[in-house]
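Asker: One structure, as structure tokens, below. Some questions next.
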Amino acid sequence: MSNPPLKSVTLTHVRYQKGDQLGHFLAWISLVPVFISLGGFTAHFMFRRELQPMFFALGLVISQLINEFIKQSVQQARPLEICSILETCDSHGWPSSHSQYMFFFATYFTLLTYFRIGVLGRNQMAVAGLVVWPLALLTMYSRVYLGYHTVAQVFAGAGLGLVVGAAWFWVVNSVLRAYFPAIEESAFGRLFYIKDTSHIPNVLKFEYENARAARKHVSYKRSD
């Protein structure tokens, strides 16, 4: 009896042509969503426990679930001329999940900075314009260049990410934000020190001044 064909985990299984320096660079760009998820949001939860970024991350998860549902419903193939080499012929390509992830992230991040919510203020708009959006565009381009998606598939993912990102921002900040104080005061919130600072105009200044004040307060000093 023959063994069933092997299937790779496509999240980090990115291939490029040997000797292609641009392809090598774009292969790493394709991994930016992984770095954001495992590095950025995990580190943020460990060290800050802010509700706004938690719901930001939850929105990214919901966006990817929507993407997977659409892929399974439409079942559009990836580029046929190269999918056998990339071992992706058994997966679907429309819409691109990488493009959707990055455009959701860029949209939500930009709205956070524009409305000055949390630690992000309008002085961080340059970060959105010079870093976040170029990374989103490069990710979209990398998926076509490396052969994982067609142009139509990455534009579909980008458009869907933009719409879902804007919609989720509205849901969080117009509907769910009213429940943030209750989450803070819940047993879960108190146990894990979950907090919301989105009502503070300048969080960096607030934390800086309170950290300096706490240094002078006996009850806050370390015992070691």
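Chain identifiers are assigned as A, B, and so on, following the order in which chains appear in the structure tokens; residues are numbered from 1 within each chain, and ligands are numbered from 1 in order of appearance.
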May I have a table of the residues of stretch 155-177 of chain A lying at most 9 Å from stretch 47-59 of chain A, giving each one's closest pair of atoms and their distance in Å to one decimal, counting only C-alpha atoms, ordered by chain and ascending residue number, as JSON lines?

Answerer:
```
{"residue": "A:Val164", "atom": "CA", "partner": "A:Gly59", "partner_atom": "CA", "distance": 8.4}
{"residue": "A:Gly165", "atom": "CA", "partner": "A:Gly59", "partner_atom": "CA", "distance": 7.4}
{"residue": "A:Trp168", "atom": "CA", "partner": "A:Gly59", "partner_atom": "CA", "distance": 6.3}
{"residue": "A:Phe169", "atom": "CA", "partner": "A:Phe56", "partner_atom": "CA", "distance": 8.0}
{"residue": "A:Val172", "atom": "CA", "partner": "A:Phe55", "partner_atom": "CA", "distance": 7.1}
{"residue": "A:Asn173", "atom": "CA", "partner": "A:Gln52", "partner_atom": "CA", "distance": 8.8}
{"residue": "A:Arg177", "atom": "CA", "partner": "A:Gln52", "partner_atom": "CA", "distance": 8.4}
```

Asker: Set the distance at 10 Å and use only C-alpha atoms: which residues neighbour A:Leu160 once local chain neighbours fewer than 6 positions away are removed? I'd like the list as a list in words.

Answerer: Ser63, Ile66, Asn67, Pro95, Ser96, Ser97, Ser99, Gln100, Tyr101, Phe103, Phe104, Val154 and Ala166 of chain A

Asker: Could you write those residues out with C-alpha atoms, as a PDB file, in the first residue's frame?

Answerer:
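What landed in again-v5.pdb:
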```
ATOM      1  CA  SER A  63      -9.794  38.307   9.727  1.00  0.00           C
ATOM      2  CA  ILE A  66     -12.829  34.953   7.361  1.00  0.00           C
ATOM      3  CA  ASN A  67     -10.023  34.479   4.849  1.00  0.00           C
ATOM      4  CA  PRO A  95      -7.816  35.782  -1.337  1.00  0.00           C
ATOM      5  CA  SER A  96      -4.184  36.010  -0.199  1.00  0.00           C
ATOM      6  CA  SER A  97      -4.027  35.603   3.584  1.00  0.00           C
ATOM      7  CA  SER A  99      -1.936  40.414   2.009  1.00  0.00           C
ATOM      8  CA  GLN A 100      -5.132  40.424   4.029  1.00  0.00           C
ATOM      9  CA  TYR A 101      -3.203  40.177   7.305  1.00  0.00           C
ATOM     10  CA  PHE A 103      -3.519  45.374   5.130  1.00  0.00           C
ATOM     11  CA  PHE A 104      -5.707  44.706   8.178  1.00  0.00           C
ATOM     12  CA  VAL A 154      -3.192  39.579  -3.531  1.00  0.00           C
ATOM     13  CA  ALA A 166     -11.620  49.418   9.342  1.00  0.00           C
TER      14      ALA A 166
END
```

Asker: In Å, rounded to a single decimal, give me how far atom CA of A:Thr197 is from atom CA of A:Glu209.

Answerer: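 For atom CA of A:Glu209 relative to atom CA of A:Thr197, the distance reads 14.7 Å.
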
Asker: Among chain A, which ones does DSSP assign to alpha helix (DSSP H) (computed from the backbone)? Answer as a PyMOL selection string.

Answerer: chain A and resi 21-29+32-34+42-47+51-74+80-86+97-114+125-127+133-145+151-174+180-185+187-191+203-215

Asker: Could you tell me which of A:Ala156, A:Ala213, A:Val61, A:Ile194 comes closest to A:Ala182 if we count only C-alpha atoms?

Answerer: A:Ile194
